[in-house]
$ cat structure-v1.txt   # compact mmCIF, C-alpha atoms and all ligand atoms
# COMPACT_ATOMS: atom_id res chain seq x y z
CA MET A 48 19.32 46.10 -19.48
CA VAL A 49 18.80 44.78 -23.01
CA SER A 50 16.22 46.76 -24.96
CA VAL A 51 13.32 45.16 -26.82
CA ILE A 52 14.91 46.36 -30.07
CA ALA A 53 18.21 44.70 -29.22
CA LYS A 54 16.41 41.44 -28.40
CA ALA A 55 14.51 41.61 -31.68
CA GLY A 56 17.82 42.22 -33.48
CA TYR A 57 19.28 39.13 -31.79
CA ALA A 58 16.27 37.02 -32.85
CA ALA A 59 16.47 38.31 -36.43
CA ARG A 60 20.24 37.72 -36.72
CA GLN A 61 20.20 34.26 -35.18
CA GLY A 62 17.05 33.28 -37.09
CA THR A 63 18.72 34.31 -40.35
CA ARG A 64 21.88 32.38 -39.48
CA ILE A 65 19.91 29.25 -38.60
CA ALA A 66 17.92 29.44 -41.85
CA TRP A 67 21.08 30.06 -43.89
CA TYR A 68 23.16 27.25 -42.43
CA MET A 69 20.29 24.78 -42.13
CA GLY A 70 19.42 25.53 -45.77
CA HIS A 71 23.01 24.67 -46.71
CA TYR A 72 22.79 21.47 -44.66
CA PHE A 73 19.74 20.18 -46.51
CA ALA A 74 20.99 21.35 -49.92
CA ALA A 75 24.33 19.63 -49.30
CA ARG A 76 22.59 16.42 -48.25
CA ARG A 77 20.67 16.35 -51.49
CA LYS A 78 23.90 16.63 -53.48
CA GLN A 79 25.74 13.89 -51.61
CA THR A 80 25.67 10.12 -51.32
CA PRO A 81 23.52 9.37 -48.23
CA SER A 82 25.96 9.18 -45.34
CA LEU A 83 24.85 5.80 -44.07
CA GLN A 84 25.36 4.38 -47.54
CA ALA A 85 28.76 6.07 -47.97
CA SER A 86 30.15 4.85 -44.67
CA GLY A 87 29.54 1.17 -45.39
CA LYS A 88 29.12 0.85 -41.60
CA PRO A 89 25.96 -1.03 -40.60
CA ILE A 90 23.98 1.48 -38.64
CA ARG A 91 21.85 -0.08 -35.97
CA PRO A 92 21.92 2.23 -33.01
CA SER A 93 20.90 0.45 -29.83
CA SER A 94 18.60 3.32 -28.91
CA PRO A 95 16.34 5.37 -31.18
CA VAL A 96 17.81 8.44 -32.89
CA ILE A 97 16.30 11.58 -31.47
CA SER A 98 13.48 13.21 -33.43
CA ARG A 99 14.04 16.40 -35.42
CA GLU A 100 11.31 18.17 -33.41
CA ARG A 101 13.02 17.41 -30.12
CA MET A 102 16.38 18.59 -31.51
CA LEU A 103 14.89 21.83 -32.76
CA GLY A 104 13.34 22.36 -29.32
CA ASP A 105 16.73 21.83 -27.65
CA MET A 106 18.38 24.15 -30.16
CA ALA A 107 15.80 26.84 -29.37
CA LEU A 108 16.62 26.38 -25.69
CA LEU A 109 20.31 27.00 -26.45
CA PHE A 110 19.47 30.32 -28.11
CA ARG A 111 17.14 31.31 -25.25
CA THR A 112 19.98 30.59 -22.83
CA ASP A 113 22.39 32.58 -25.03
CA LEU A 114 20.11 35.63 -24.95
CA ARG A 115 19.44 35.22 -21.23
CA ASN A 116 23.22 35.24 -20.64
CA VAL A 117 23.39 38.57 -22.48
CA GLU A 118 20.48 39.94 -20.44
CA SER A 119 22.18 38.82 -17.23
CA GLY A 120 25.35 40.67 -18.25
CA ILE A 121 27.41 37.47 -18.47
CA TYR A 122 28.62 38.47 -21.94
CA PRO A 123 27.78 41.23 -24.41
CA MET A 124 25.40 40.92 -27.34
CA PRO A 125 27.38 38.54 -29.59
CA ASP A 126 28.88 39.48 -32.92
CA ASP A 127 29.11 36.25 -34.93
CA ASP A 128 31.42 37.95 -37.40
CA ASP A 129 30.41 35.98 -40.50
CA GLY A 130 31.78 38.74 -42.74
CA ASP A 131 30.03 41.08 -45.15
CA LEU A 132 27.50 39.88 -47.71
CA ARG A 133 30.14 39.42 -50.42
CA LYS A 134 32.24 37.25 -48.14
CA VAL A 135 29.22 35.22 -47.02
CA LEU A 136 28.16 34.55 -50.63
CA ASN A 137 31.71 33.71 -51.75
CA ARG A 138 32.07 31.25 -48.91
CA SER A 139 28.74 29.66 -49.80
CA ARG A 140 29.96 29.16 -53.38
CA HIS A 141 33.23 27.72 -52.09
CA PHE A 142 31.25 25.36 -49.79
CA PHE A 143 29.17 23.95 -52.66
CA ARG A 144 32.18 23.70 -55.00
CA ASP A 145 34.02 21.71 -52.35
CA LEU A 146 31.21 19.17 -51.81
CA ALA A 147 32.17 16.90 -54.72
CA GLY A 148 35.64 16.31 -53.24
CA VAL A 149 34.18 15.67 -49.78
CA ASP A 150 31.71 13.18 -51.25
CA ARG A 151 34.39 11.38 -53.26
CA ARG A 152 36.55 10.93 -50.15
CA ARG A 153 33.56 9.58 -48.22
CA ARG A 154 32.70 7.07 -50.91
CA GLU A 155 36.32 5.97 -51.29
CA GLY A 156 36.99 6.05 -47.54
CA ASN A 157 40.04 8.11 -48.45
CA VAL A 158 41.17 9.96 -45.33
CA ARG A 159 44.68 11.06 -46.35
CA ASP A 160 43.74 12.68 -49.65
CA GLY A 161 46.14 15.44 -50.68
CA ILE A 162 48.00 15.31 -47.38
CA ASP A 163 51.76 15.22 -47.78
CA PRO A 164 52.99 12.03 -46.01
CA GLY A 165 56.34 13.78 -45.51
CA LEU A 166 54.67 15.94 -42.88
CA LYS A 167 54.77 12.99 -40.49
CA ASP A 168 58.28 14.09 -39.54
CA THR A 169 56.87 17.28 -38.02
CA LEU A 170 53.21 16.52 -37.26
CA PRO A 171 51.59 13.59 -35.44
CA THR A 172 50.14 10.86 -37.69
CA TYR A 173 46.68 11.07 -36.06
CA TYR A 174 46.54 14.69 -37.22
CA LEU A 175 47.42 14.00 -40.85
CA GLN A 176 43.90 13.06 -41.95
CA ASN A 177 40.94 14.64 -43.69
CA PHE A 178 38.81 15.04 -40.56
CA HIS A 179 35.16 15.29 -41.72
CA TYR A 180 36.61 14.36 -45.16
CA GLN A 181 37.38 18.07 -45.50
CA THR A 182 39.68 19.16 -48.30
CA GLY A 183 43.23 19.70 -47.10
CA GLY A 184 42.53 18.38 -43.57
CA TYR A 185 43.55 21.16 -41.20
CA LEU A 186 46.53 22.08 -43.29
CA THR A 187 45.55 24.59 -45.95
CA GLU A 188 44.45 28.19 -46.21
CA GLU A 189 41.31 27.07 -48.13
CA SER A 190 40.36 24.67 -45.34
CA ALA A 191 40.84 27.43 -42.75
CA ASP A 192 38.62 29.74 -44.79
CA LEU A 193 35.83 27.18 -45.05
CA TYR A 194 36.03 25.55 -41.62
CA ASP A 195 33.71 27.89 -39.69
CA MET A 196 31.04 27.60 -42.35
CA GLN A 197 31.31 23.79 -42.41
CA VAL A 198 30.88 23.62 -38.64
CA GLU A 199 27.92 26.01 -38.68
CA VAL A 200 26.31 23.98 -41.48
CA LEU A 201 26.77 20.78 -39.48
CA PHE A 202 25.15 22.36 -36.41
CA SER A 203 22.57 24.46 -38.32
CA GLY A 204 24.02 27.75 -37.13
CA SER A 205 24.35 26.84 -33.45
CA ALA A 206 28.13 26.26 -33.21
CA ASN A 207 29.01 29.77 -32.04
CA ALA A 208 26.19 29.76 -29.47
CA MET A 209 27.54 26.45 -28.09
CA ARG A 210 31.06 27.90 -27.89
CA ARG A 211 29.73 30.97 -26.05
CA GLN A 212 28.47 28.77 -23.20
CA ALA A 213 32.12 28.45 -22.13
CA LEU A 214 31.95 32.15 -21.23
CA VAL A 215 29.52 31.37 -18.38
CA PRO A 216 32.00 29.66 -16.00
CA LEU A 217 34.67 32.13 -17.17
CA SER A 218 32.47 35.04 -16.18
CA SER A 219 31.86 33.74 -12.64
CA TRP A 220 35.58 33.12 -12.19
CA ILE A 221 36.79 36.45 -13.62
CA ARG A 222 34.25 38.53 -11.65
CA GLY A 223 36.10 40.49 -8.96
CA ARG A 224 39.49 39.91 -10.60
CA ASP A 225 41.48 42.36 -12.73
CA GLN A 226 41.29 41.02 -16.31
CA ARG A 227 44.49 42.89 -17.25
CA LYS A 228 46.43 40.66 -14.84
CA LEU A 229 44.96 37.40 -16.09
CA ALA A 230 46.42 35.06 -18.72
CA MET A 231 44.14 32.75 -20.66
CA LEU A 232 45.15 30.00 -23.07
CA ASP A 233 42.71 28.70 -25.68
CA LEU A 234 44.14 25.33 -26.61
CA ALA A 235 43.46 24.22 -30.21
CA CYS A 236 41.99 27.66 -30.87
CA GLY A 237 41.35 26.88 -34.55
CA THR A 238 40.20 29.97 -36.42
CA GLY A 239 39.82 31.93 -33.17
CA ARG A 240 36.04 32.01 -32.91
CA PHE A 241 35.98 31.47 -29.17
CA LEU A 242 38.88 33.86 -28.54
CA LYS A 243 36.93 36.55 -30.34
CA PHE A 244 33.94 36.05 -28.03
CA ALA A 245 36.23 36.08 -24.99
CA LYS A 246 37.83 39.35 -26.13
CA GLN A 247 34.39 40.88 -26.79
CA ALA A 248 33.56 40.12 -23.15
CA TRP A 249 36.96 40.99 -21.58
CA PRO A 250 38.90 43.24 -23.98
CA ARG A 251 41.93 43.56 -21.66
CA LEU A 252 42.35 39.85 -20.92
CA ASN A 253 45.76 38.50 -22.05
CA VAL A 254 44.99 35.64 -24.38
CA THR A 255 47.10 33.03 -26.15
CA GLY A 256 45.81 30.78 -28.89
CA VAL A 257 47.70 27.55 -29.56
CA ASP A 258 47.02 25.33 -32.55
CA LEU A 259 48.86 22.78 -34.65
CA SER A 260 47.65 24.36 -37.88
CA GLN A 261 49.51 27.47 -39.03
CA ALA A 262 46.78 28.08 -41.62
CA TYR A 263 44.09 28.12 -38.90
CA LEU A 264 46.20 30.40 -36.71
CA ASP A 265 46.58 32.81 -39.63
CA GLU A 266 42.79 32.86 -40.00
CA ALA A 267 42.44 33.42 -36.23
CA GLN A 268 44.79 36.37 -36.47
CA VAL A 269 42.49 37.94 -39.07
CA HIS A 270 39.47 37.54 -36.76
CA LEU A 271 41.33 39.04 -33.81
CA ALA A 272 43.01 41.83 -35.80
CA GLY A 273 43.12 45.11 -33.91
CA ARG A 274 42.58 43.46 -30.49
CA SER A 275 45.29 44.03 -27.91
CA ALA A 276 46.92 41.40 -25.69
CA CYS A 277 46.47 38.50 -28.12
CA ARG A 278 49.19 36.15 -29.24
CA PHE A 279 49.22 32.96 -31.24
CA LEU A 280 51.61 30.04 -30.90
CA HIS A 281 52.00 27.31 -33.42
CA GLY A 282 52.40 24.08 -31.49
CA ASN A 283 51.19 20.74 -30.30
CA ALA A 284 48.83 20.46 -27.32
CA GLU A 285 50.84 17.41 -26.27
CA HIS A 286 53.72 19.68 -25.30
CA ILE A 287 52.54 23.25 -24.88
CA SER A 288 55.37 25.74 -25.10
CA LEU A 289 54.27 27.65 -22.00
CA ALA A 290 55.80 27.55 -18.53
CA ASP A 291 54.39 25.48 -15.67
CA ALA A 292 51.67 27.32 -13.70
CA SER A 293 51.71 30.27 -16.12
CA GLN A 294 47.98 30.42 -17.00
CA ASP A 295 45.02 31.58 -14.91
CA ILE A 296 42.55 30.05 -17.34
CA VAL A 297 42.72 27.35 -20.00
CA THR A 298 39.87 26.72 -22.43
CA CYS A 299 39.66 23.87 -24.90
CA ILE A 300 36.81 23.64 -27.36
CA PHE A 301 35.98 20.76 -29.74
CA LEU A 302 39.46 19.22 -29.54
CA PHE A 303 39.15 16.10 -27.42
CA HIS A 304 36.82 14.15 -29.73
CA GLU A 305 39.55 14.44 -32.40
CA LEU A 306 42.32 12.99 -30.25
CA PRO A 307 43.23 9.32 -29.86
CA PRO A 308 42.61 8.12 -26.26
CA ARG A 309 46.34 7.99 -25.42
CA VAL A 310 46.82 11.58 -26.59
CA ARG A 311 43.81 12.82 -24.55
CA ARG A 312 45.69 11.79 -21.42
CA THR A 313 48.85 13.62 -22.44
CA VAL A 314 46.93 16.78 -23.34
CA ALA A 315 44.97 16.69 -20.04
CA GLY A 316 48.33 16.52 -18.23
CA GLU A 317 49.60 19.52 -20.19
CA ILE A 318 46.49 21.55 -19.32
CA ALA A 319 47.03 20.81 -15.63
CA ARG A 320 50.74 21.62 -15.93
CA VAL A 321 50.32 25.12 -17.41
CA LEU A 322 47.46 26.12 -15.06
CA LYS A 323 48.23 28.02 -11.86
CA PRO A 324 46.96 26.46 -8.63
CA GLY A 325 43.37 27.64 -8.26
CA GLY A 326 43.22 28.32 -12.02
CA LEU A 327 40.17 27.50 -14.12
CA PHE A 328 39.86 24.97 -16.94
CA VAL A 329 36.79 25.14 -19.18
CA PHE A 330 36.12 22.31 -21.61
CA VAL A 331 33.54 22.23 -24.41
CA ASP A 332 33.00 19.25 -26.65
CA SER A 333 30.33 16.87 -27.90
CA LEU A 334 27.81 15.30 -25.57
CA GLN A 335 28.75 11.79 -24.49
CA PHE A 336 26.75 8.64 -23.81
CA GLY A 337 24.36 9.12 -20.93
CA ASP A 338 24.70 12.92 -20.81
CA ARG A 339 21.32 13.79 -22.16
CA GLU A 340 18.22 11.66 -22.23
CA GLY A 341 17.37 10.61 -25.80
CA TYR A 342 20.72 11.51 -27.45
CA ASP A 343 22.66 8.23 -27.23
CA GLY A 344 21.24 6.88 -30.52
CA LEU A 345 22.35 10.02 -32.35
CA LEU A 346 25.83 9.80 -30.80
CA GLU A 347 26.12 6.21 -32.04
CA VAL A 348 25.54 7.21 -35.67
CA PHE A 349 27.00 10.72 -35.71
CA ASP A 350 30.34 9.67 -37.16
CA ALA A 351 28.86 7.49 -39.94
CA GLY A 352 29.95 8.95 -43.26
CA PHE A 353 31.63 11.84 -41.44
CA HIS A 354 35.24 11.07 -40.76
CA GLU A 355 35.68 11.38 -37.00
CA PRO A 356 38.09 8.53 -36.27
CA TYR A 357 38.18 8.96 -32.48
CA PHE A 358 34.56 9.89 -31.82
CA GLU A 359 33.46 6.38 -30.86
CA SER A 360 36.05 6.19 -28.09
CA TYR A 361 35.42 9.83 -27.09
CA VAL A 362 31.70 9.36 -26.37
CA ALA A 363 32.54 6.58 -23.91
CA GLU A 364 35.51 8.34 -22.23
CA ASP A 365 35.17 9.20 -18.52
CA LEU A 366 36.26 12.82 -18.84
CA GLU A 367 35.78 13.71 -15.21
CA ARG A 368 38.15 10.92 -14.22
CA LEU A 369 40.57 11.81 -17.02
CA PHE A 370 40.99 15.37 -15.76
CA THR A 371 40.76 14.71 -12.03
CA LYS A 372 43.59 12.15 -12.36
CA LYS A 373 45.77 15.01 -13.62
CA GLY A 374 45.12 17.21 -10.57
CA LEU A 375 41.97 19.08 -11.58
CA VAL A 376 38.87 19.30 -9.40
CA HIS A 377 35.53 19.02 -11.17
CA LEU A 378 33.26 22.02 -10.57
CA GLU A 379 30.30 21.67 -12.91
CA THR A 380 28.98 20.08 -16.13
CA ARG A 381 26.14 21.61 -18.15
CA PRO A 382 24.71 20.46 -21.46
CA ALA A 383 24.58 23.03 -24.26
CA PHE A 384 22.47 21.52 -27.07
CA LEU A 385 24.79 18.95 -28.76
CA SER A 386 27.77 19.91 -26.60
CA LYS A 387 28.58 20.11 -22.94
CA VAL A 388 30.53 22.58 -20.87
CA MET A 389 32.67 21.24 -18.04
CA SER A 390 34.62 23.36 -15.61
CA PHE A 391 37.48 22.36 -13.32
CA GLU A 392 39.81 24.05 -10.88
CA ARG A 393 43.52 23.29 -10.60
CA LYS A 394 44.36 21.99 -7.13
C1 LIG A 401 37.46 20.69 -34.39
S1 LIG A 401 38.67 21.92 -34.45
C2 LIG A 401 38.21 22.99 -33.10
C3 LIG A 401 38.79 24.37 -33.25
C4 LIG A 401 38.23 25.45 -32.33
N1 LIG A 401 38.57 25.23 -30.96
C5 LIG A 401 36.75 25.63 -32.52
O1 LIG A 401 36.06 25.92 -31.54
O2 LIG A 401 36.27 25.54 -33.64
C6 LIG A 401 40.07 21.11 -33.83
C7 LIG A 401 41.30 21.98 -33.81
O3 LIG A 401 42.29 21.32 -33.05
C8 LIG A 401 43.55 21.49 -33.67
N2 LIG A 401 44.37 20.37 -33.19
C9 LIG A 401 44.17 19.04 -33.40
N3 LIG A 401 45.11 18.33 -32.78
C10 LIG A 401 45.92 19.22 -32.15
C11 LIG A 401 47.07 19.10 -31.32
N4 LIG A 401 47.59 17.93 -31.01
N5 LIG A 401 47.63 20.24 -30.86
C12 LIG A 401 47.13 21.46 -31.16
N6 LIG A 401 46.05 21.62 -31.94
C13 LIG A 401 45.44 20.53 -32.43
C14 LIG A 401 43.23 21.49 -35.15
O4 LIG A 401 44.25 22.08 -35.91
C15 LIG A 401 41.92 22.27 -35.17
O5 LIG A 401 42.15 23.66 -35.29
$ encode --input "structure-v1.txt" --output "structure tokens"
Amino acid sequence: MVSVIAKAGYAARQGTRIAWYMGHYFAARRKQTPSLQASGKPIRPSSPVISRERMLGDMALLFRTDLRNVESGIYPMPDDDDGDLRKVLNRSRHFFRDLAGVDRRRREGNVRDGIDPGLKDTLPTYYLQNFHYQTGGYLTEESADLYDMQVEVLFSGSANAMRRQALVPLSSWIRGRDQRKLAMLDLACGTGRFLKFAKQAWPRLNVTGVDLSQAYLDEAQVHLAGRSACRFLHGNAEHISLADASQDIVTCIFLFHELPPRVRRTVAGEIARVLKPGGLFVFVDSLQFGDREGYDGLLEVFDAGFHEPYFESYVAEDLERLFTKKGLVHLETRPAFLSKVMSFERK
């Protein structure tokens, strides 16, 4: 039972977050070269771009669903963990200071700025880029510190709520099982935002976060500090250093749109390999063409002026086929605002 006061607290917190991050979004836009101009890409989406009113309505629906999930006991009242006021303000300053560099890279189309080419001996070439034109790519402490804010600004404060929708299929699957005996891998865990929500819901679950960025893993460790049964492995999703059939659950959030098509297939195979028979795979990533009425036009222009080199191929990828070919059985797909949640079971 969630009290009226708790619900009002949720509305106040999420409302403040939305206003804060949306405010940053519009302020940042004013300071930057218009994205369509910066990209140089002629933007003529074949369908109209969705209206702001409709998007705001769909975003409100996401938050209503989020609160309903709490009321239904699917997960506890979320703690977005943005840090104390000092941290929030410092990060905001850092965000605005960083904009000039982001804008310069966009105008110049420079996607390897400040990235040591020598790293290609240890990291895949597709990874050595300034995704989103962000400073340092995924490779620096500064980038890891700013990443969560940049994502929340992009999604006007709804990124965490979208991630939380992965807890819904997890909750149905875990119910009736002993969480202490379950192993869950969050592949490409980034700064650990999703792992934190999973541990809030199931504190005794054994979780492993894998990511190719040591800086992001270090940040994740800070977010998960003091939580038991958490470990982090630095490594490539193309060859996960975990044994075959060792995981009850694998989650993977916002990774696939950043992988070249060939690599998506390898990573899907790895997910199937480490899952136990009957194990659960939960996937969250951007909507794709045809997923949601009215969104195709937006998906066509989303990557303009926002370096997402594999997005165009991602939105057209048949994900159900991709995963089923690797031995996973599709259970369900649900839209969650600009993302979708897919669940699969290992045969
Ligand atoms: C868009 S971020 C998503 C991070 C996180 N899952 C989230 O919800 O924010 C993509 C993440 O994938 C990681 N990544 C990209 N390619 C990878 C690979 N081949 N193996 C492991 N991690 C990878 C990046 O370092 C980054 O942390």
$ closest_atom_pairs --input "structure-v1.txt" --of "stretch 261-358 of chain A" --to "stretch 227-241 of chain A" --cutoff "9 Å" --atoms "all atoms listed in the file" --output "JSON lines"
{"residue": "A:Ala262", "atom": "CA", "partner": "A:Thr238", "partner_atom": "CA", "distance": 8.6}
{"residue": "A:Tyr263", "atom": "CA", "partner": "A:Thr238", "partner_atom": "CA", "distance": 5.0}
{"residue": "A:Leu264", "atom": "CA", "partner": "A:Thr238", "partner_atom": "CA", "distance": 6.0}
{"residue": "A:Asp265", "atom": "CA", "partner": "A:Thr238", "partner_atom": "CA", "distance": 7.7}
{"residue": "A:Glu266", "atom": "CA", "partner": "A:Thr238", "partner_atom": "CA", "distance": 5.3}
{"residue": "A:Ala267", "atom": "CA", "partner": "A:Thr238", "partner_atom": "CA", "distance": 4.1}
{"residue": "A:Gln268", "atom": "CA", "partner": "A:Gly239", "partner_atom": "CA", "distance": 7.4}
{"residue": "A:Val269", "atom": "CA", "partner": "A:Thr238", "partner_atom": "CA", "distance": 8.7}
{"residue": "A:His270", "atom": "CA", "partner": "A:Gly239", "partner_atom": "CA", "distance": 6.7}
{"residue": "A:Leu271", "atom": "CA", "partner": "A:Gly239", "partner_atom": "CA", "distance": 7.3}
{"residue": "A:Ala276", "atom": "CA", "partner": "A:Arg227", "partner_atom": "CA", "distance": 8.9}
{"residue": "A:Phe279", "atom": "CA", "partner": "A:Cys236", "partner_atom": "CA", "distance": 9.0}
{"residue": "A:Asn283", "atom": "CA", "partner": "A:Ala235", "partner_atom": "CA", "distance": 8.5}
{"residue": "A:Ala284", "atom": "CA", "partner": "A:Leu234", "partner_atom": "CA", "distance": 6.8}
{"residue": "A:Ile287", "atom": "CA", "partner": "A:Leu234", "partner_atom": "CA", "distance": 8.8}
{"residue": "A:Ser293", "atom": "CA", "partner": "A:Ala230", "partner_atom": "CA", "distance": 7.6}
{"residue": "A:Gln294", "atom": "CA", "partner": "A:Ala230", "partner_atom": "CA", "distance": 5.2}
{"residue": "A:Asp295", "atom": "CA", "partner": "A:Ala230", "partner_atom": "CA", "distance": 5.3}
{"residue": "A:Ile296", "atom": "CA", "partner": "A:Met231", "partner_atom": "CA", "distance": 4.6}
{"residue": "A:Val297", "atom": "CA", "partner": "A:Leu232", "partner_atom": "CA", "distance": 4.7}
{"residue": "A:Thr298", "atom": "CA", "partner": "A:Asp233", "partner_atom": "CA", "distance": 4.7}
{"residue": "A:Cys299", "atom": "CA", "partner": "A:Leu234", "partner_atom": "CA", "distance": 5.0}
{"residue": "A:Ile300", "atom": "CA", "partner": "A:Ala235", "partner_atom": "CA", "distance": 7.3}
{"residue": "A:Phe301", "atom": "CA", "partner": "A:Ala235", "partner_atom": "CA", "distance": 8.3}
{"residue": "A:Leu302", "atom": "CA", "partner": "A:Ala235", "partner_atom": "CA", "distance": 6.4}
{"residue": "A:Ile318", "atom": "CA", "partner": "A:Leu234", "partner_atom": "CA", "distance": 8.5}
$ residues_around --input "structure-v1.txt" --residues "stretch 214-219 of chain A" --least-positions-apart "3" --cutoff "9 Å" --atoms "only C-alpha atoms" --output "list in words"
Asn116, Ile121, Tyr122, Arg210, Arg211, Arg222, Gly223, Phe241, Phe244, Ala245, Ala248, Ile296, Leu327, Phe328, Val329, Glu379, Val388, Met389 and Ser390 of chain A
$ residues_around --input "structure-v1.txt" --residues "stretch 109-115 of chain A" --least-positions-apart "3" --cutoff "7 Å" --atoms "all atoms listed in the file" --output "list in words"
Asp105, Met106, Glu118, Ser119, Ala208, Ala383 and Phe384 of chain A
$ closest_residue --input "structure-v1.txt" --among "A:Arg154, A:Arg91, A:Arg312, A:Arg101" --to "ligand LIG 401 (chain A)" --atoms "all atoms listed in the file"
A:Arg312
$ closest_residue --input "structure-v1.txt" --among "A:Phe142, A:Phe303, A:Phe202, A:Tyr357" --to "A:Ala74" --atoms "only C-alpha atoms"
A:Phe142
$ closest_residue --input "structure-v1.txt" --among "A:Leu366, A:Leu378, A:Leu280, A:Ala351" --to "ligand LIG 401 (chain A)" --atoms "all atoms listed in the file"
A:Leu280
$ atom_distance --input "structure-v1.txt" --atom1 "atom CA of A:Thr80" --atom2 "atom C6 of ligand LIG 401 (chain A)"
25.2 Å
$ closest_residue --input "structure-v1.txt" --among "A:Gly344, A:Gly184, A:Gly337, A:Pro324" --to "ligand LIG 401 (chain A)" --atoms "all atoms listed in the file"
A:Gly184
$ residues_near_point --input "structure-v1.txt" --point "(29.7, 11.6, -26.3)" --cutoff "7 Å" --atoms "only C-alpha atoms" --output "PDB file with C-alpha atoms, in the coordinates of the input"
ATOM      1  CA  SER A 333      30.330  16.870 -27.900  1.00  0.00           C
ATOM      2  CA  LEU A 334      27.810  15.300 -25.570  1.00  0.00           C
ATOM      3  CA  GLN A 335      28.750  11.790 -24.490  1.00  0.00           C
ATOM      4  CA  PHE A 336      26.750   8.640 -23.810  1.00  0.00           C
ATOM      5  CA  LEU A 346      25.830   9.800 -30.800  1.00  0.00           C
ATOM      6  CA  TYR A 361      35.420   9.830 -27.090  1.00  0.00           C
ATOM      7  CA  VAL A 362      31.700   9.360 -26.370  1.00  0.00           C
ATOM      8  CA  ALA A 363      32.540   6.580 -23.910  1.00  0.00           C
TER       9      ALA A 363
END
$ decode --input "structure-v1.txt" --residues "stretch 54-104 of chain A" --atoms "C-alpha atoms" --output "compact mmCIF listing (two decimals), in the first residue's frame"
# COMPACT_ATOMS: atom_id res chain seq x y z
CA LYS A 54 2.64 9.30 -4.05
CA ALA A 55 2.81 13.07 -3.68
CA GLY A 56 6.54 12.73 -2.88
CA TYR A 57 7.01 10.69 -6.07
CA ALA A 58 5.17 13.32 -8.14
CA ALA A 59 7.21 16.14 -6.59
CA ARG A 60 10.56 14.37 -7.11
CA GLN A 61 9.88 13.27 -10.67
CA GLY A 62 8.32 16.64 -11.56
CA THR A 63 11.43 18.40 -10.26
CA ARG A 64 13.72 16.05 -12.20
CA ILE A 65 11.76 16.56 -15.42
CA ALA A 66 11.83 20.35 -15.03
CA TRP A 67 15.56 20.30 -14.20
CA TYR A 68 16.66 18.10 -17.08
CA MET A 69 14.22 19.54 -19.61
CA GLY A 70 15.43 23.02 -18.62
CA HIS A 71 19.00 21.90 -19.35
CA TYR A 72 17.87 20.46 -22.69
CA PHE A 73 16.38 23.74 -23.89
CA ALA A 74 19.21 25.85 -22.46
CA ALA A 75 21.77 23.60 -24.17
CA ARG A 76 19.91 23.84 -27.47
CA ARG A 77 20.06 27.60 -27.34
CA LYS A 78 23.84 27.50 -26.86
CA GLN A 79 24.51 25.08 -29.70
CA THR A 80 24.49 25.06 -33.48
CA PRO A 81 21.05 23.68 -34.49
CA SER A 82 21.54 19.95 -34.85
CA LEU A 83 20.10 19.66 -38.32
CA GLN A 84 22.48 22.36 -39.49
CA ALA A 85 25.48 20.78 -37.71
CA SER A 86 24.92 17.33 -39.15
CA GLY A 87 24.99 18.45 -42.77
CA LYS A 88 22.61 15.53 -43.37
CA PRO A 89 19.51 16.51 -45.37
CA ILE A 90 16.65 15.82 -43.04
CA ARG A 91 13.51 14.82 -44.83
CA PRO A 92 11.84 12.18 -42.73
CA SER A 93 9.35 10.17 -44.76
CA SER A 94 6.77 10.50 -41.99
CA PRO A 95 6.00 13.53 -39.83
CA VAL A 96 8.00 14.00 -36.61
CA ILE A 97 5.79 13.47 -33.61
CA SER A 98 4.40 16.57 -31.89
CA ARG A 99 5.78 17.76 -28.56
CA GLU A 100 2.31 17.47 -26.98
CA ARG A 101 2.00 13.82 -27.94
CA MET A 102 5.52 13.09 -26.61
CA LEU A 103 4.77 14.79 -23.32
CA GLY A 104 1.57 12.72 -23.06
